[in-house]
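**Student:** Supplied in structure tokens, the structure appears directly below.
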Amino acid sequence: MDSTSSTPTMHSSEPRNAEEFATLVQPVLPDITDHQIAQLLQYRDMLHARNQHVNLTAVRDFDGIERRLILESLRLVPVVRSLMDVNGGDVMDLGSGGGIPGVILAIAMPESSFTLLDATGKKVAFQREVIESIGVSNIRAVQGRAEELGHDINWRHTFDVVTARAVTSLSALMELGLPFVSMKGWLVLPKGVEIEDELFIARKAAGKLGGTIVSHEVMDDAGSDVDTRLVLVRKDAATPSDYPRRVGLPARSPLGSPQDQATTKSKSRKRGG
Ligand code: SAH
């Protein structure tokens, strides 16, 4: 029933049952419980159903949701755990959208508290429905912009780990994410494999923002068919209070990129005149 053949099919894949799904995810998380499996499947079904009407993710079929979204997110669990205390910590999923990876991590890591942040109301509304339906008490969903909340003292420098998947460029993620991270905390950023150019720019951005890109290893394929490079960034110094810049700028003129220098120059010319 796996649609791993290279022939494109028009029909959607069949959902895995609990036993088949457990076989898929146990190699990544051997101690996952039946209850967690049931919660993940409930989330899969809600995401699949709502995605027919509301654009929550480009991954539309059951097999894709199971492997590319859920399995890929579960692969982050051992990494995120290794970066925190054994008792867990505070994790933010920035630009969580339909809840990826935040909802999946929260189900798998009941010892930690998760904040899902997204700018789009209908996505946050869906996240709240999921939280209520599957009965997870360690997640809250907040609608807002990282550029604004990043300056709020209740949010700034307060998270042990910030994750973000498929949100924006690495450089922009440094500026949007690092303000939320507490000292010696981490950004955990799954990315595509070919990111040499992005990394070059992001290193310069990280330097300005108090972060250090510590590693960018390719993760082993665990049956997801997705090649991922996991970028890990440690916060080594406070982020200067000028950052993040105003809404839209981090993504539009990423720090460390040629566009950024252009913006800086034209802005100072305008201010001067
Ligand atoms: N992480 C999800 C969603 C990716 S789409 C997934 O992997 O499927 C990117 C999401 O980031 C969108 O829902 C968008 O609303 C949100 N987003 C982009 N920039 C943002 C910002 N500056 N602050 C808050 N949310 C943002």
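Just so we're on the same page: first chain in the structure tokens is A, next is B, and so on; residues restart at 1 for each chain, and ligands are numbered from 1 in the order they show up.
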Please give me, as a PDB file with N, CA and C atoms, in the first residue's frame, the residues lying within 7 Å of ligand 1 when counting only C-alpha atoms and all ligand atoms.
**Tutor:**
```
ATOM      1  N   LEU A  56      -3.296  24.456   4.604  1.00  0.00           N
ATOM      2  CA  LEU A  56      -2.438  24.367   5.797  1.00  0.00           C
ATOM      3  C   LEU A  56      -1.051  23.866   5.447  1.00  0.00           C
ATOM      4  N   THR A  57      -0.958  22.966   4.473  1.00  0.00           N
ATOM      5  CA  THR A  57       0.339  22.418   4.059  1.00  0.00           C
ATOM      6  C   THR A  57       0.234  21.942   2.621  1.00  0.00           C
ATOM      7  N   LEU A  94       8.123  28.459  15.608  1.00  0.00           N
ATOM      8  CA  LEU A  94       7.888  29.740  14.941  1.00  0.00           C
ATOM      9  C   LEU A  94       7.352  29.492  13.531  1.00  0.00           C
ATOM     10  N   GLY A  95       6.228  30.129  13.193  1.00  0.00           N
ATOM     11  CA  GLY A  95       5.613  29.880  11.882  1.00  0.00           C
ATOM     12  C   GLY A  95       5.122  28.450  11.797  1.00  0.00           C
ATOM     13  N   SER A  96       4.378  28.036  12.796  1.00  0.00           N
ATOM     14  CA  SER A  96       3.980  26.632  12.946  1.00  0.00           C
ATOM     15  C   SER A  96       2.938  26.195  11.913  1.00  0.00           C
ATOM     16  N   GLY A  97       2.202  27.131  11.326  1.00  0.00           N
ATOM     17  CA  GLY A  97       1.235  26.788  10.272  1.00  0.00           C
ATOM     18  C   GLY A  97       0.183  25.806  10.767  1.00  0.00           C
ATOM     19  N   GLY A  98       0.101  24.669  10.102  1.00  0.00           N
ATOM     20  CA  GLY A  98      -0.835  23.623  10.535  1.00  0.00           C
ATOM     21  C   GLY A  98      -0.357  22.870  11.758  1.00  0.00           C
ATOM     22  N   GLY A  99       0.764  23.293  12.361  1.00  0.00           N
ATOM     23  CA  GLY A  99       1.261  22.660  13.594  1.00  0.00           C
ATOM     24  C   GLY A  99       2.504  21.813  13.384  1.00  0.00           C
ATOM     25  N   ILE A 100       3.294  22.188  12.377  1.00  0.00           N
ATOM     26  CA  ILE A 100       4.456  21.359  12.032  1.00  0.00           C
ATOM     27  C   ILE A 100       5.754  22.141  12.219  1.00  0.00           C
ATOM     28  N   PRO A 101       6.672  21.627  13.003  1.00  0.00           N
ATOM     29  CA  PRO A 101       6.624  20.379  13.750  1.00  0.00           C
ATOM     30  C   PRO A 101       6.008  20.475  15.140  1.00  0.00           C
ATOM     31  N   LEU A 117       3.600  29.624  17.337  1.00  0.00           N
ATOM     32  CA  LEU A 117       3.369  31.010  16.924  1.00  0.00           C
ATOM     33  C   LEU A 117       3.121  31.044  15.428  1.00  0.00           C
ATOM     34  N   ASP A 118       2.055  31.732  15.030  1.00  0.00           N
ATOM     35  CA  ASP A 118       1.838  31.959  13.601  1.00  0.00           C
ATOM     36  C   ASP A 118       1.097  33.267  13.386  1.00  0.00           C
ATOM     37  N   ALA A 119       1.400  33.908  12.247  1.00  0.00           N
ATOM     38  CA  ALA A 119       0.793  35.205  11.941  1.00  0.00           C
ATOM     39  C   ALA A 119      -0.627  35.055  11.395  1.00  0.00           C
ATOM     40  N   THR A 120      -0.972  33.863  10.903  1.00  0.00           N
ATOM     41  CA  THR A 120      -2.228  33.682  10.176  1.00  0.00           C
ATOM     42  C   THR A 120      -3.326  33.131  11.074  1.00  0.00           C
ATOM     43  N   LYS A 123      -4.856  29.566  10.634  1.00  0.00           N
ATOM     44  CA  LYS A 123      -3.946  28.478  11.005  1.00  0.00           C
ATOM     45  C   LYS A 123      -3.916  28.308  12.520  1.00  0.00           C
ATOM     46  N   GLY A 144       0.446  35.902  16.096  1.00  0.00           N
ATOM     47  CA  GLY A 144       1.264  37.107  16.194  1.00  0.00           C
ATOM     48  C   GLY A 144       2.421  37.056  15.229  1.00  0.00           C
ATOM     49  N   ARG A 145       3.125  38.186  15.124  1.00  0.00           N
ATOM     50  CA  ARG A 145       4.292  38.285  14.250  1.00  0.00           C
ATOM     51  C   ARG A 145       5.546  38.199  15.111  1.00  0.00           C
ATOM     52  N   ALA A 146       6.494  37.416  14.650  1.00  0.00           N
ATOM     53  CA  ALA A 146       7.763  37.292  15.366  1.00  0.00           C
ATOM     54  C   ALA A 146       8.466  38.645  15.485  1.00  0.00           C
ATOM     55  N   GLU A 147       8.295  39.510  14.472  1.00  0.00           N
ATOM     56  CA  GLU A 147       8.972  40.819  14.523  1.00  0.00           C
ATOM     57  C   GLU A 147       8.472  41.650  15.709  1.00  0.00           C
ATOM     58  N   ALA A 164      11.716  25.962  13.562  1.00  0.00           N
ATOM     59  CA  ALA A 164      10.977  26.580  12.458  1.00  0.00           C
ATOM     60  C   ALA A 164      11.196  25.727  11.223  1.00  0.00           C
ATOM     61  N   ARG A 165      10.105  25.333  10.585  1.00  0.00           N
ATOM     62  CA  ARG A 165      10.187  24.518   9.363  1.00  0.00           C
ATOM     63  C   ARG A 165       9.474  25.233   8.222  1.00  0.00           C
ATOM     64  N   ALA A 166      10.171  25.337   7.097  1.00  0.00           N
ATOM     65  CA  ALA A 166       9.577  25.872   5.862  1.00  0.00           C
ATOM     66  C   ALA A 166       8.988  27.262   6.064  1.00  0.00           C
ATOM     67  N   VAL A 167       9.678  28.113   6.822  1.00  0.00           N
ATOM     68  CA  VAL A 167       9.139  29.447   7.105  1.00  0.00           C
ATOM     69  C   VAL A 167       9.790  30.509   6.227  1.00  0.00           C
ATOM     70  N   THR A 168      11.128  30.603   6.235  1.00  0.00           N
ATOM     71  CA  THR A 168      11.799  31.645   5.451  1.00  0.00           C
ATOM     72  C   THR A 168      13.283  31.280   5.346  1.00  0.00           C
ATOM     73  N   LEU A 176      14.503  36.425  13.146  1.00  0.00           N
ATOM     74  CA  LEU A 176      13.176  36.217  13.735  1.00  0.00           C
ATOM     75  C   LEU A 176      13.249  35.305  14.949  1.00  0.00           C
ATOM     76  N   VAL A 247       8.221  44.660  10.798  1.00  0.00           N
ATOM     77  CA  VAL A 247       7.529  43.568  10.105  1.00  0.00           C
ATOM     78  C   VAL A 247       7.872  43.528   8.611  1.00  0.00           C
ATOM     79  N   GLY A 248       8.290  42.384   8.148  1.00  0.00           N
ATOM     80  CA  GLY A 248       8.569  42.174   6.722  1.00  0.00           C
ATOM     81  C   GLY A 248      10.033  42.305   6.352  1.00  0.00           C
TER      82      GLY A 248
END
```
**Student:** Quick one: residues within 10 Å of range 23-35 of chain A, only C-alpha atoms, excluding same-chain residues fewer than 6 positions away - as a ChimeraX atom specification?
**Tutor:** /A:16,41,66-67,70-72,74-78,107-109,222-224
**Student:** Taking only C-alpha atoms into account, which of A:Val130, A:Val54, A:Val218, A:Ala172 comes nearest Lys191 in chain A?
**Tutor:**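 Selected residue with least distance to Lys191 in chain A: A:Val218.
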**Student:** Counting only C-alpha atoms, what is within 10 Å of Val91 in chain A, bar same-chain residues fewer than 2 positions away, as number ranges by chain?
**Tutor:** A: 80, 84, 88-89, 93-94, 102, 105-106, 112-116, 139, 158-163, 180-181, 185-187
**Student:** If you run DSSP on the backbone here, which positions in range 81-241 of chain A get alpha helix (DSSP H)? Please write them as number ranges by chain.
**Tutor:** A: 81-82, 102-108, 121-134, 146-149, 170-177, 196-209
